[in-house]
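*Asks:* One structure, as structure tokens, below. Some questions next.
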Amino acid sequence: MFNVNSIREEFPILSKKFGKYPLVYFDNGATSQKPNFVIDRIDQYYKEENANIHRGVHTLSQVSTENYENARQTIASFLNAKEKHEIIFTKGTTDGINLVAHSFGALMSLGDEILISEMEHHSNIVPWQMLAEAKGLVLRYIPMTTSGELDLKNIDTLLNEKTKLVAITHISNSLGTINPIADLIELAHSKNAKVLIDGAQSLQHIQVDVQALDCDFLVFSGHKIFAPTGTGILYGKEDLLNKMPPYQGGGDMIKTVTMEKTTFNSLPHKFEAGTPNISGGIGLGAAIEWLSQLNLNEIEVYERSLLQYITAELSKIEGIRFFGTAEEKCSTVSFLIGEFHPYDIGTLLNQQGIAVRTGHHCTQPIMDFYKIPGTIRASLSFYNTKEEIDLFIQALNKAIKMLS
Amino acid sequence: MNIAEKEQELIDSFSIYDDWMEKYEYIIELGKDLPLIDAAFKKEENVIKGCQSTVWLHAEKKDDKIYFTADADAIIAKGIIALLIDVMSGETPQTILDSDLKFIKEIGLQEHLSPTRSNGLVAMVKQMKLYALALNLKK
Ligand SMILES: Cc1ncc(COP(=O)(O)O)c(C=O)c1O
């Protein structure tokens, strides 16, 4: 049985208090907290293993290289990638998307089309806008319905013979919607388009098998999945990654350098210029190792019960409006109450120890769609509890009373 | 009252409350007395940049003194701008330009506003000083 109390004990920050208020951390969509397993792993790295990788003959360098590469293997296994070298270490989701925009973008030409959606994070919009501008490509958007689901009515024209890439989020960070990516991938492949999945919000909630899904690229951020900030992964199919030119030039990504010409290293190093975030990569490996030993099915059931409870409790509040009411959702709720400004509510919740996010959540097109400046977003993880939801509702009611 | 006395009065008022929720209650109350901006001035060029909520600020010079009016779409932002207006309004441009507004720190406002909001506070003060500078030149 899933035991939330023993999970919570593994996260030191969760017992923090602000004066008389215990921390209620409902901002997991922005970043997750870290378990001791990860914190200790990084600590151990710096105390016992620190050395640069891929270059030293000395023992420490060999140890850290091995640990870094083992982390890559752990991540490859977790995603069920066919090859370990299909796993590229990045700084995060944004970095991964920019890499693909640059290097896969280099294979696109005038008039080619990229298809994204109206519910993307700015990180999955701006790099494509920049690429489209630079290369004369056409950027199309799958629209959204009022429930916050992709509107696939016109998908047959949006996704056409000119489409070279579909870049879509697995789960919306603002709305919690889980998109039907398997169907989209199949459809895209039937038109010979490649697919990038933005997994920033999904791997911490649902298991992703890149071979079963058959996605061409998958990107995510370590910090949202219990690992350190400044880490992330780009998964790409080997043949595609081989066809793409490098992203950045520098050390580690070369085979030979003469003053006239450089030949590039093989995968994954071709896309990993310079000394990487070694402790971060090892920490990410540890986070995935930690996550893998949990029962992900139990977690899914537990998170669904949290979503049901918080939705039911919020529904009792007069004047509440939910944004994102999709059939398939992760444990994230976005809402407004009456005419209250989200910042007023967020500020008063913060005073009572409750961490939520307010604003547009880096998804301005979604806010434009609903014609609102922003929302209050509570994004829950499996270390959150029903008792915390009760505290949150209590604090919310107090804030409403003060503002009324 | 001069500006230092007005600041001290606010520091004293806030010191009565030991819980920040109560201090916020007081800020919200202050917002209700905000000298409201004339609808005609509620336009894009009077919006303060750097605030997460929308804050409009207008300034006028009368008998060599500056008077501010404002509005905001968030209630707490309204309270914060009201606090600043309480201190700054009715002062000469030079006094406003020279003010260091130490009460903000003493009350602990800066720490208690989220970083982005505290930037809003900084932006509000900056805008008030800019108005003072501009109106000072306009004899
Ligand atoms: C769906 C989605 N995509 C991309 C990002 C960007 O992630 P990062 O800032 O870690 O690069 C986020 C983070 O909020 C996200 O939620």
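Chains: A, B, ... in order of the structure tokens. Residues: from 1 per chain. Ligands: from 1, in order shown.
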Using only C-alpha atoms, find which residues of chain B lie within 10 Å of chain A and jot them down as a PDB file with N, CA, C and O atoms, in the first residue's frame.
*Replies:*
```pdb
ATOM      1  N   ASP B  19       1.012  39.719  13.870  1.00  0.00           N
ATOM      2  CA  ASP B  19       0.801  38.690  12.864  1.00  0.00           C
ATOM      3  C   ASP B  19       0.716  39.370  11.494  1.00  0.00           C
ATOM      4  O   ASP B  19       0.044  40.391  11.347  1.00  0.00           O
ATOM      5  N   TRP B  20       1.409  38.781  10.536  1.00  0.00           N
ATOM      6  CA  TRP B  20       1.394  39.396   9.208  1.00  0.00           C
ATOM      7  C   TRP B  20       0.025  39.367   8.542  1.00  0.00           C
ATOM      8  O   TRP B  20      -0.288  40.181   7.692  1.00  0.00           O
ATOM      9  N   MET B  21      -0.801  38.410   8.925  1.00  0.00           N
ATOM     10  CA  MET B  21      -2.154  38.389   8.368  1.00  0.00           C
ATOM     11  C   MET B  21      -2.895  39.656   8.799  1.00  0.00           C
ATOM     12  O   MET B  21      -3.644  40.246   8.038  1.00  0.00           O
ATOM     13  N   GLU B  22      -2.637  40.088  10.052  1.00  0.00           N
ATOM     14  CA  GLU B  22      -3.279  41.322  10.537  1.00  0.00           C
ATOM     15  C   GLU B  22      -2.721  42.537   9.807  1.00  0.00           C
ATOM     16  O   GLU B  22      -3.438  43.473   9.488  1.00  0.00           O
ATOM     17  N   TYR B  24      -1.666  42.572   6.852  1.00  0.00           N
ATOM     18  CA  TYR B  24      -2.302  42.597   5.527  1.00  0.00           C
ATOM     19  C   TYR B  24      -3.723  43.137   5.598  1.00  0.00           C
ATOM     20  O   TYR B  24      -4.178  43.838   4.699  1.00  0.00           O
ATOM     21  N   GLU B  25      -4.396  42.780   6.664  1.00  0.00           N
ATOM     22  CA  GLU B  25      -5.751  43.286   6.848  1.00  0.00           C
ATOM     23  C   GLU B  25      -5.723  44.822   6.863  1.00  0.00           C
ATOM     24  O   GLU B  25      -6.556  45.496   6.264  1.00  0.00           O
ATOM     25  N   ILE B  28      -5.055  46.197   3.413  1.00  0.00           N
ATOM     26  CA  ILE B  28      -6.291  46.137   2.626  1.00  0.00           C
ATOM     27  C   ILE B  28      -7.206  47.316   2.996  1.00  0.00           C
ATOM     28  O   ILE B  28      -7.794  47.962   2.130  1.00  0.00           O
ATOM     29  N   GLU B  29      -7.262  47.606   4.309  1.00  0.00           N
ATOM     30  CA  GLU B  29      -8.063  48.752   4.770  1.00  0.00           C
ATOM     31  C   GLU B  29      -7.559  50.053   4.157  1.00  0.00           C
ATOM     32  O   GLU B  29      -8.332  50.876   3.672  1.00  0.00           O
ATOM     33  N   GLN B  52       3.029  42.871 -10.982  1.00  0.00           N
ATOM     34  CA  GLN B  52       2.308  41.704 -11.498  1.00  0.00           C
ATOM     35  C   GLN B  52       0.833  42.017 -11.691  1.00  0.00           C
ATOM     36  O   GLN B  52       0.183  41.463 -12.555  1.00  0.00           O
ATOM     37  N   SER B  53       0.324  42.924 -10.871  1.00  0.00           N
ATOM     38  CA  SER B  53      -1.045  43.369 -11.105  1.00  0.00           C
ATOM     39  C   SER B  53      -0.949  44.739 -11.773  1.00  0.00           C
ATOM     40  O   SER B  53       0.110  45.346 -11.797  1.00  0.00           O
ATOM     41  N   THR B  54      -2.059  45.199 -12.318  1.00  0.00           N
ATOM     42  CA  THR B  54      -2.019  46.478 -13.016  1.00  0.00           C
ATOM     43  C   THR B  54      -2.227  47.617 -12.023  1.00  0.00           C
ATOM     44  O   THR B  54      -3.214  47.640 -11.293  1.00  0.00           O
ATOM     45  N   ASP B  73      -5.816  46.828  -9.912  1.00  0.00           N
ATOM     46  CA  ASP B  73      -6.834  45.780 -10.049  1.00  0.00           C
ATOM     47  C   ASP B  73      -6.751  44.755  -8.920  1.00  0.00           C
ATOM     48  O   ASP B  73      -7.673  43.993  -8.702  1.00  0.00           O
ATOM     49  N   ALA B  74      -5.641  44.744  -8.189  1.00  0.00           N
ATOM     50  CA  ALA B  74      -5.531  43.839  -7.051  1.00  0.00           C
ATOM     51  C   ALA B  74      -5.646  44.656  -5.762  1.00  0.00           C
ATOM     52  O   ALA B  74      -5.121  45.766  -5.672  1.00  0.00           O
ATOM     53  N   ILE B  75      -6.344  44.106  -4.789  1.00  0.00           N
ATOM     54  CA  ILE B  75      -6.646  44.862  -3.574  1.00  0.00           C
ATOM     55  C   ILE B  75      -5.383  45.158  -2.760  1.00  0.00           C
ATOM     56  O   ILE B  75      -5.220  46.250  -2.229  1.00  0.00           O
ATOM     57  N   ILE B  76      -4.480  44.187  -2.690  1.00  0.00           N
ATOM     58  CA  ILE B  76      -3.258  44.412  -1.904  1.00  0.00           C
ATOM     59  C   ILE B  76      -2.361  45.451  -2.582  1.00  0.00           C
ATOM     60  O   ILE B  76      -1.779  46.311  -1.918  1.00  0.00           O
ATOM     61  N   ALA B  77      -2.296  45.400  -3.892  1.00  0.00           N
ATOM     62  CA  ALA B  77      -1.513  46.413  -4.620  1.00  0.00           C
ATOM     63  C   ALA B  77      -2.084  47.803  -4.353  1.00  0.00           C
ATOM     64  O   ALA B  77      -1.351  48.789  -4.233  1.00  0.00           O
ATOM     65  N   HIS B 112       8.066  40.682   2.929  1.00  0.00           N
ATOM     66  CA  HIS B 112       6.783  39.991   2.966  1.00  0.00           C
ATOM     67  C   HIS B 112       6.034  40.011   1.667  1.00  0.00           C
ATOM     68  O   HIS B 112       5.011  39.359   1.510  1.00  0.00           O
ATOM     69  N   LEU B 113       6.538  40.783   0.736  1.00  0.00           N
ATOM     70  CA  LEU B 113       5.925  40.734  -0.582  1.00  0.00           C
ATOM     71  C   LEU B 113       6.764  39.763  -1.389  1.00  0.00           C
ATOM     72  O   LEU B 113       7.971  39.736  -1.254  1.00  0.00           O
ATOM     73  N   SER B 114       6.105  38.960  -2.210  1.00  0.00           N
ATOM     74  CA  SER B 114       6.861  38.020  -3.025  1.00  0.00           C
ATOM     75  C   SER B 114       7.825  38.833  -3.881  1.00  0.00           C
ATOM     76  O   SER B 114       7.562  39.993  -4.169  1.00  0.00           O
ATOM     77  N   ARG B 117       6.456  40.897  -6.496  1.00  0.00           N
ATOM     78  CA  ARG B 117       5.630  41.979  -5.995  1.00  0.00           C
ATOM     79  C   ARG B 117       6.515  43.066  -5.412  1.00  0.00           C
ATOM     80  O   ARG B 117       6.240  44.254  -5.551  1.00  0.00           O
TER      81      ARG B 117
END
```
*Asks:* Within 10 Å of Asn154 of chain A, counting only C-alpha atoms, which residues qualify if same-chain residues fewer than 4 places away don't, as a PyMOL selection string?
*Replies:* chain A and resi 142-143+158-159
*Asks:* Set the distance at 10 Å and use only C-alpha atoms: which residues neighbour Lys102 of chain B once local chain neighbours fewer than 3 positions away are removed? I'd like the list as a list in words.
*Replies:*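 Here the answer would be Ala4, Glu7, Gln8, Ile11, Ser99, Lys105, Glu106 and Ile107 of chain B.
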*Asks:* Restrict the selected residues to all heavy atoms and save them as a tab-separated table (two decimals), in the first residue's frame.
*Replies:*
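Dumped everything to out37.tsv:
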```
chain	number	residue	atom	x	y	z
B	4	ALA	N	9.16	62.42	7.34
B	4	ALA	CA	9.70	61.52	8.38
B	4	ALA	C	8.64	61.20	9.42
B	4	ALA	O	8.52	60.07	9.89
B	4	ALA	CB	10.93	62.15	9.04
B	7	GLU	N	6.17	58.79	7.98
B	7	GLU	CA	6.74	57.44	7.97
B	7	GLU	C	6.68	56.82	9.36
B	7	GLU	O	6.30	55.66	9.51
B	7	GLU	CB	8.20	57.47	7.48
B	7	GLU	CG	8.33	57.73	5.99
B	7	GLU	CD	9.75	57.49	5.48
B	7	GLU	OE1	10.28	56.40	5.73
B	7	GLU	OE2	10.31	58.39	4.84
B	8	GLN	N	7.04	57.61	10.36
B	8	GLN	CA	7.04	57.10	11.73
B	8	GLN	C	5.63	56.69	12.15
B	8	GLN	O	5.44	55.66	12.81
B	8	GLN	CB	7.60	58.16	12.71
B	8	GLN	CG	7.90	57.62	14.10
B	8	GLN	CD	8.84	56.40	14.07
B	8	GLN	OE1	9.87	56.41	13.42
B	8	GLN	NE2	8.44	55.33	14.75
B	11	ILE	N	5.00	53.33	10.73
B	11	ILE	CA	5.77	52.31	11.46
B	11	ILE	C	5.05	51.97	12.77
B	11	ILE	O	4.87	50.81	13.12
B	11	ILE	CB	7.21	52.79	11.73
B	11	ILE	CG1	7.96	52.94	10.39
B	11	ILE	CG2	7.96	51.84	12.66
B	11	ILE	CD1	9.29	53.68	10.48
B	99	SER	N	13.64	61.40	-0.74
B	99	SER	CA	13.12	60.46	0.26
B	99	SER	C	13.79	59.10	0.15
B	99	SER	O	14.08	58.62	-0.94
B	99	SER	CB	11.60	60.30	0.10
B	99	SER	OG	11.33	59.69	-1.15
B	105	LYS	N	11.32	49.22	4.79
B	105	LYS	CA	12.19	48.21	5.38
B	105	LYS	C	11.78	47.94	6.83
B	105	LYS	O	11.72	46.79	7.27
B	105	LYS	CB	13.62	48.69	5.33
B	105	LYS	CG	14.59	47.57	5.02
B	105	LYS	CD	15.96	48.12	4.78
B	105	LYS	CE	16.97	46.99	4.67
B	105	LYS	NZ	18.30	47.53	4.44
B	106	GLU	N	11.51	49.02	7.55
B	106	GLU	CA	11.18	48.86	8.97
B	106	GLU	C	9.91	48.06	9.19
B	106	GLU	O	9.81	47.27	10.13
B	106	GLU	CB	11.09	50.23	9.66
B	106	GLU	CG	12.45	50.88	9.73
B	106	GLU	CD	12.65	51.65	11.03
B	106	GLU	OE1	11.84	51.49	11.96
B	106	GLU	OE2	13.64	52.40	11.08
B	107	ILE	N	8.95	48.29	8.34
B	107	ILE	CA	7.70	47.53	8.46
B	107	ILE	C	7.95	46.08	8.06
B	107	ILE	O	7.26	45.17	8.50
B	107	ILE	CB	6.60	48.16	7.57
B	107	ILE	CG1	6.22	49.54	8.09
B	107	ILE	CG2	5.36	47.28	7.51
B	107	ILE	CD1	5.26	50.29	7.19
```
*Asks:* Using 6 Å as the limit and counting only C-alpha atoms and all ligand atoms, can you tabulate each residue of chain A that touches ligand 1, with its shortest atom-to-atom distance in Å and the two atoms involved, as CSV?
*Replies:*
```
residue,atom,partner,partner_atom_place_in_ligand_line,distance
A:Ala30,CA,ligand 1,14 (O),5.3
A:Gly92,CA,ligand 1,11 (O),4.4
A:Thr93,CA,ligand 1,11 (O),3.9
A:Thr94,CA,ligand 1,11 (O),3.6
A:His121,CA,ligand 1,3 (N),4.9
A:Ser123,CA,ligand 1,4 (C),5.2
A:Thr169,CA,ligand 1,1 (C),5.8
A:Ser172,CA,ligand 1,1 (C),5.6
A:Asn173,CA,ligand 1,16 (O),4.5
A:Asp198,CA,ligand 1,3 (N),5.8
A:Ala200,CA,ligand 1,2 (C),4.8
A:Gln201,CA,ligand 1,16 (O),5.4
A:Ser221,CA,ligand 1,10 (O),4.8
```
*Asks:* Residues of the last selection are to be written out with N, CA and C atoms, as an mmCIF file, in the first residue's frame.
*Replies:*
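In the end it all went to result-v7.cif:
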```cif
data_model
loop_
_atom_site.group_PDB
_atom_site.id
_atom_site.type_symbol
_atom_site.label_atom_id
_atom_site.label_comp_id
_atom_site.auth_asym_id
_atom_site.auth_seq_id
_atom_site.Cartn_x
_atom_site.Cartn_y
_atom_site.Cartn_z
ATOM 1 N N ALA A 30 5.821 23.949 -10.786
ATOM 2 C CA ALA A 30 6.971 24.841 -11.012
ATOM 3 C C ALA A 30 8.274 24.096 -10.749
ATOM 4 N N GLY A 92 17.696 21.317 -19.172
ATOM 5 C CA GLY A 92 16.272 21.250 -18.834
ATOM 6 C C GLY A 92 15.425 21.202 -20.092
ATOM 7 N N THR A 93 14.133 21.293 -19.893
ATOM 8 C CA THR A 93 13.195 21.216 -21.011
ATOM 9 C C THR A 93 13.470 22.299 -22.047
ATOM 10 N N THR A 94 13.612 23.528 -21.570
ATOM 11 C CA THR A 94 13.836 24.653 -22.472
ATOM 12 C C THR A 94 15.081 24.412 -23.319
ATOM 13 N N HIS A 121 3.626 25.662 -23.196
ATOM 14 C CA HIS A 121 4.464 26.538 -22.375
ATOM 15 C C HIS A 121 5.266 27.433 -23.335
ATOM 16 N N SER A 123 8.186 27.974 -23.511
ATOM 17 C CA SER A 123 9.392 27.251 -23.956
ATOM 18 C C SER A 123 9.154 26.404 -25.187
ATOM 19 N N THR A 169 2.859 19.305 -25.840
ATOM 20 C CA THR A 169 3.071 18.964 -24.441
ATOM 21 C C THR A 169 2.254 17.727 -24.066
ATOM 22 N N SER A 172 -0.509 19.670 -19.837
ATOM 23 C CA SER A 172 -0.482 21.133 -19.751
ATOM 24 C C SER A 172 -0.121 21.570 -18.337
ATOM 25 N N ASN A 173 0.870 22.443 -18.228
ATOM 26 C CA ASN A 173 1.283 22.892 -16.896
ATOM 27 C C ASN A 173 0.256 23.808 -16.249
ATOM 28 N N ASP A 198 6.853 17.304 -25.102
ATOM 29 C CA ASP A 198 7.314 18.069 -23.948
ATOM 30 C C ASP A 198 6.804 17.334 -22.705
ATOM 31 N N ALA A 200 7.771 17.825 -19.607
ATOM 32 C CA ALA A 200 8.113 18.556 -18.373
ATOM 33 C C ALA A 200 7.139 18.264 -17.242
ATOM 34 N N GLN A 201 5.859 18.083 -17.592
ATOM 35 C CA GLN A 201 4.850 17.889 -16.535
ATOM 36 C C GLN A 201 4.382 16.445 -16.412
ATOM 37 N N SER A 221 12.611 18.166 -17.677
ATOM 38 C CA SER A 221 13.506 18.855 -16.738
ATOM 39 C C SER A 221 13.705 18.001 -15.502
#
```
*Asks:* Between A:Thr263, A:Thr332, A:Ser77, A:Thr375, single out the one closest to Val208 of chain A, counting only C-alpha atoms.
*Replies:*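 Among the listed residues, the smallest separation from Val208 of chain A belongs to A:Ser77.
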*Asks:* Compile the contact shell of Gly31 of chain B as a list of chain:residue names: residues with an atom at most 6 Å away, counting only C-alpha atoms, same-chain residues fewer than 5 positions apart removed.
*Replies:*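 Within the cut-off, the hits are B:Lys78, B:Gly79, B:Ala82.
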*Asks:* Go ahead and write the residues just picked, N, CA, C and O atoms, as a PDB file, in the first residue's frame.
*Replies:*
```
ATOM      1  N   LYS B  78      -3.397  47.872  -4.251  1.00  0.00           N
ATOM      2  CA  LYS B  78      -4.066  49.131  -3.943  1.00  0.00           C
ATOM      3  C   LYS B  78      -3.634  49.641  -2.567  1.00  0.00           C
ATOM      4  O   LYS B  78      -3.365  50.826  -2.380  1.00  0.00           O
ATOM      5  N   GLY B  79      -3.532  48.727  -1.626  1.00  0.00           N
ATOM      6  CA  GLY B  79      -3.100  49.087  -0.284  1.00  0.00           C
ATOM      7  C   GLY B  79      -1.659  49.574  -0.263  1.00  0.00           C
ATOM      8  O   GLY B  79      -1.330  50.537   0.432  1.00  0.00           O
ATOM      9  N   ALA B  82      -1.409  52.933  -1.783  1.00  0.00           N
ATOM     10  CA  ALA B  82      -2.024  53.883  -0.850  1.00  0.00           C
ATOM     11  C   ALA B  82      -1.029  54.275   0.250  1.00  0.00           C
ATOM     12  O   ALA B  82      -0.939  55.435   0.641  1.00  0.00           O
TER      13      ALA B  82
END
```
*Asks:* Please return as a ChimeraX atom specification: the residues of chain B that backbone DSSP assigns to strand (DSSP E or B).
*Replies:* /B:36,47,55-62,65-72,91
*Asks:* If I take atom CA of Tyr131 of chain B and atom CA of Pro93 of chain B, how far is one from the other in Å, to one decimal?
*Replies:*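 Those two atoms sit 8.4 Å apart.
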*Asks:* So which residues of segment 48-120 of chain B fall under helix (DSSP H, G or I) by DSSP, listed as a compact mmCIF listing (two decimals) with N, CA, C and O atoms, in the first residue's frame?
*Replies:*
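Written out: out30.txt:
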```txt
# COMPACT_ATOMS: atom_id res chain seq x y z
N ILE B 75 -6.34 44.11 -4.79
CA ILE B 75 -6.65 44.86 -3.57
C ILE B 75 -5.38 45.16 -2.76
O ILE B 75 -5.22 46.25 -2.23
N ILE B 76 -4.48 44.19 -2.69
CA ILE B 76 -3.26 44.41 -1.90
C ILE B 76 -2.36 45.45 -2.58
O ILE B 76 -1.78 46.31 -1.92
N ALA B 77 -2.30 45.40 -3.89
CA ALA B 77 -1.51 46.41 -4.62
C ALA B 77 -2.08 47.80 -4.35
O ALA B 77 -1.35 48.79 -4.23
N LYS B 78 -3.40 47.87 -4.25
CA LYS B 78 -4.07 49.13 -3.94
C LYS B 78 -3.63 49.64 -2.57
O LYS B 78 -3.36 50.83 -2.38
N GLY B 79 -3.53 48.73 -1.63
CA GLY B 79 -3.10 49.09 -0.28
C GLY B 79 -1.66 49.57 -0.26
O GLY B 79 -1.33 50.54 0.43
N ILE B 80 -0.81 48.92 -1.02
CA ILE B 80 0.60 49.28 -1.04
C ILE B 80 0.78 50.67 -1.66
O ILE B 80 1.51 51.51 -1.13
N ILE B 81 0.11 50.92 -2.77
CA ILE B 81 0.26 52.23 -3.41
C ILE B 81 -0.36 53.31 -2.52
O ILE B 81 0.15 54.42 -2.44
N ALA B 82 -1.41 52.93 -1.78
CA ALA B 82 -2.02 53.88 -0.85
C ALA B 82 -1.03 54.27 0.25
O ALA B 82 -0.94 55.43 0.64
N LEU B 83 -0.29 53.29 0.74
CA LEU B 83 0.75 53.54 1.75
C LEU B 83 1.75 54.57 1.24
O LEU B 83 2.11 55.52 1.93
N LEU B 84 2.21 54.34 0.02
CA LEU B 84 3.23 55.23 -0.55
C LEU B 84 2.67 56.63 -0.78
O LEU B 84 3.33 57.63 -0.52
N ILE B 85 1.42 56.68 -1.25
CA ILE B 85 0.81 57.98 -1.50
C ILE B 85 0.62 58.73 -0.19
O ILE B 85 0.85 59.93 -0.09
N ASP B 86 0.26 57.98 0.84
CA ASP B 86 0.08 58.56 2.16
C ASP B 86 1.34 59.32 2.58
O ASP B 86 1.29 60.41 3.13
N VAL B 87 2.49 58.73 2.29
CA VAL B 87 3.75 59.34 2.69
C VAL B 87 4.17 60.46 1.71
O VAL B 87 4.62 61.52 2.12
N MET B 88 3.99 60.23 0.43
CA MET B 88 4.58 61.11 -0.58
C MET B 88 3.69 62.28 -0.99
O MET B 88 4.20 63.34 -1.39
N PRO B 93 8.54 68.40 -4.90
CA PRO B 93 9.28 67.46 -5.76
C PRO B 93 10.63 67.10 -5.16
O PRO B 93 11.02 65.92 -5.16
N GLN B 94 11.33 68.08 -4.60
CA GLN B 94 12.67 67.79 -4.07
C GLN B 94 12.60 66.83 -2.89
O GLN B 94 13.40 65.90 -2.80
N THR B 95 11.63 67.01 -2.02
CA THR B 95 11.48 66.10 -0.87
C THR B 95 11.22 64.68 -1.36
O THR B 95 11.77 63.71 -0.83
N ILE B 96 10.39 64.57 -2.39
CA ILE B 96 10.07 63.25 -2.92
C ILE B 96 11.32 62.61 -3.52
O ILE B 96 11.61 61.44 -3.29
N LEU B 97 12.08 63.42 -4.24
CA LEU B 97 13.30 62.89 -4.86
C LEU B 97 14.32 62.47 -3.81
O LEU B 97 15.04 61.49 -3.98
N ASP B 98 14.35 63.19 -2.70
CA ASP B 98 15.34 62.90 -1.66
C ASP B 98 14.90 61.78 -0.70
O ASP B 98 15.71 61.28 0.07
N LYS B 102 12.54 54.75 4.43
CA LYS B 102 13.05 53.69 5.29
C LYS B 102 11.93 52.89 5.96
O LYS B 102 12.14 51.79 6.42
N PHE B 103 10.72 53.46 5.97
CA PHE B 103 9.61 52.74 6.62
C PHE B 103 9.31 51.41 5.94
O PHE B 103 8.88 50.46 6.58
N ILE B 104 9.56 51.33 4.63
CA ILE B 104 9.28 50.09 3.89
C ILE B 104 10.06 48.94 4.52
O ILE B 104 9.53 47.86 4.78
N LYS B 105 11.32 49.22 4.79
CA LYS B 105 12.19 48.21 5.38
C LYS B 105 11.78 47.94 6.83
O LYS B 105 11.72 46.79 7.27
N GLU B 106 11.51 49.02 7.55
CA GLU B 106 11.18 48.86 8.97
C GLU B 106 9.91 48.06 9.19
O GLU B 106 9.81 47.27 10.13
N ILE B 107 8.95 48.29 8.34
CA ILE B 107 7.70 47.53 8.46
C ILE B 107 7.95 46.08 8.06
O ILE B 107 7.26 45.17 8.50
N LEU B 109 7.95 45.24 4.88
CA LEU B 109 7.14 45.03 3.68
C LEU B 109 7.88 44.28 2.59
O LEU B 109 7.34 43.38 1.96
N GLN B 110 9.15 44.70 2.39
CA GLN B 110 9.90 44.14 1.28
C GLN B 110 10.01 42.62 1.35
O GLN B 110 9.81 41.93 0.38
N GLU B 111 10.30 42.12 2.58
CA GLU B 111 10.45 40.67 2.73
C GLU B 111 9.11 39.96 2.58
O GLU B 111 9.06 38.81 2.20
N HIS B 112 8.07 40.68 2.93
CA HIS B 112 6.78 39.99 2.97
C HIS B 112 6.03 40.01 1.67
O HIS B 112 5.01 39.36 1.51
N PRO B 115 8.95 38.23 -4.26
CA PRO B 115 9.98 39.00 -4.96
C PRO B 115 9.42 39.81 -6.14
O PRO B 115 9.77 40.96 -6.31
N THR B 116 8.54 39.19 -6.89
CA THR B 116 8.01 39.91 -8.05
C THR B 116 7.17 41.09 -7.59
O THR B 116 7.18 42.15 -8.20
N ARG B 117 6.46 40.90 -6.50
CA ARG B 117 5.63 41.98 -5.99
C ARG B 117 6.52 43.07 -5.41
O ARG B 117 6.24 44.25 -5.55
N SER B 118 7.59 42.65 -4.76
CA SER B 118 8.48 43.63 -4.20
C SER B 118 9.11 44.46 -5.32
O SER B 118 9.35 45.65 -5.16
N ASN B 119 9.33 43.83 -6.47
CA ASN B 119 9.76 44.61 -7.61
C ASN B 119 8.70 45.62 -7.98
O ASN B 119 9.00 46.73 -8.42
N GLY B 120 7.45 45.22 -7.81
CA GLY B 120 6.36 46.14 -8.08
C GLY B 120 6.46 47.35 -7.16
O GLY B 120 6.27 48.49 -7.59
```
*Asks:* Using only C-alpha atoms, which residue out of A:Phe335, A:Phe271, A:Tyr302, A:Tyr46 lies closest to Ser315 of chain A?
*Replies:*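 Using only C-alpha atoms, the shortest distance to Ser315 of chain A belongs to A:Phe335.
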*Asks:* So which residues touch segment 100-106 of chain A within 7 Å, counting only C-alpha atoms, skipping near sequence neighbours fewer than 6 positions away, as number ranges by chain?
*Replies:* A: 127-128, 131, 244-247
*Asks:* Based on the selection just made, write N, CA, C and O atoms of those residues as a PDB file, in the first residue's frame.
*Replies:*
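In the end it all went to again.pdb:
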```
ATOM      1  N   PRO A 127      10.952  29.086 -29.176  1.00  0.00           N
ATOM      2  CA  PRO A 127      12.018  28.568 -30.055  1.00  0.00           C
ATOM      3  C   PRO A 127      11.511  28.288 -31.479  1.00  0.00           C
ATOM      4  O   PRO A 127      12.249  28.491 -32.446  1.00  0.00           O
ATOM      5  N   TRP A 128      10.244  27.872 -31.586  1.00  0.00           N
ATOM      6  CA  TRP A 128       9.683  27.576 -32.922  1.00  0.00           C
ATOM      7  C   TRP A 128       9.367  28.859 -33.664  1.00  0.00           C
ATOM      8  O   TRP A 128       9.537  28.943 -34.882  1.00  0.00           O
ATOM      9  N   LEU A 131      12.672  30.040 -34.934  1.00  0.00           N
ATOM     10  CA  LEU A 131      13.124  29.212 -36.053  1.00  0.00           C
ATOM     11  C   LEU A 131      12.320  29.532 -37.315  1.00  0.00           C
ATOM     12  O   LEU A 131      12.885  29.682 -38.412  1.00  0.00           O
ATOM     13  N   MET A 244      21.302  15.042 -37.380  1.00  0.00           N
ATOM     14  CA  MET A 244      21.273  16.447 -36.980  1.00  0.00           C
ATOM     15  C   MET A 244      22.674  16.972 -36.703  1.00  0.00           C
ATOM     16  O   MET A 244      23.484  16.277 -36.106  1.00  0.00           O
ATOM     17  N   PRO A 245      22.956  18.227 -37.124  1.00  0.00           N
ATOM     18  CA  PRO A 245      24.258  18.823 -36.788  1.00  0.00           C
ATOM     19  C   PRO A 245      24.321  19.140 -35.294  1.00  0.00           C
ATOM     20  O   PRO A 245      23.285  19.239 -34.642  1.00  0.00           O
ATOM     21  N   PRO A 246      25.532  19.296 -34.736  1.00  0.00           N
ATOM     22  CA  PRO A 246      25.653  19.619 -33.316  1.00  0.00           C
ATOM     23  C   PRO A 246      24.966  20.935 -32.994  1.00  0.00           C
ATOM     24  O   PRO A 246      24.683  21.723 -33.890  1.00  0.00           O
ATOM     25  N   TYR A 247      24.720  21.136 -31.718  1.00  0.00           N
ATOM     26  CA  TYR A 247      24.072  22.358 -31.238  1.00  0.00           C
ATOM     27  C   TYR A 247      25.148  23.369 -30.863  1.00  0.00           C
ATOM     28  O   TYR A 247      25.277  24.431 -31.475  1.00  0.00           O
TER      29      TYR A 247
END
```
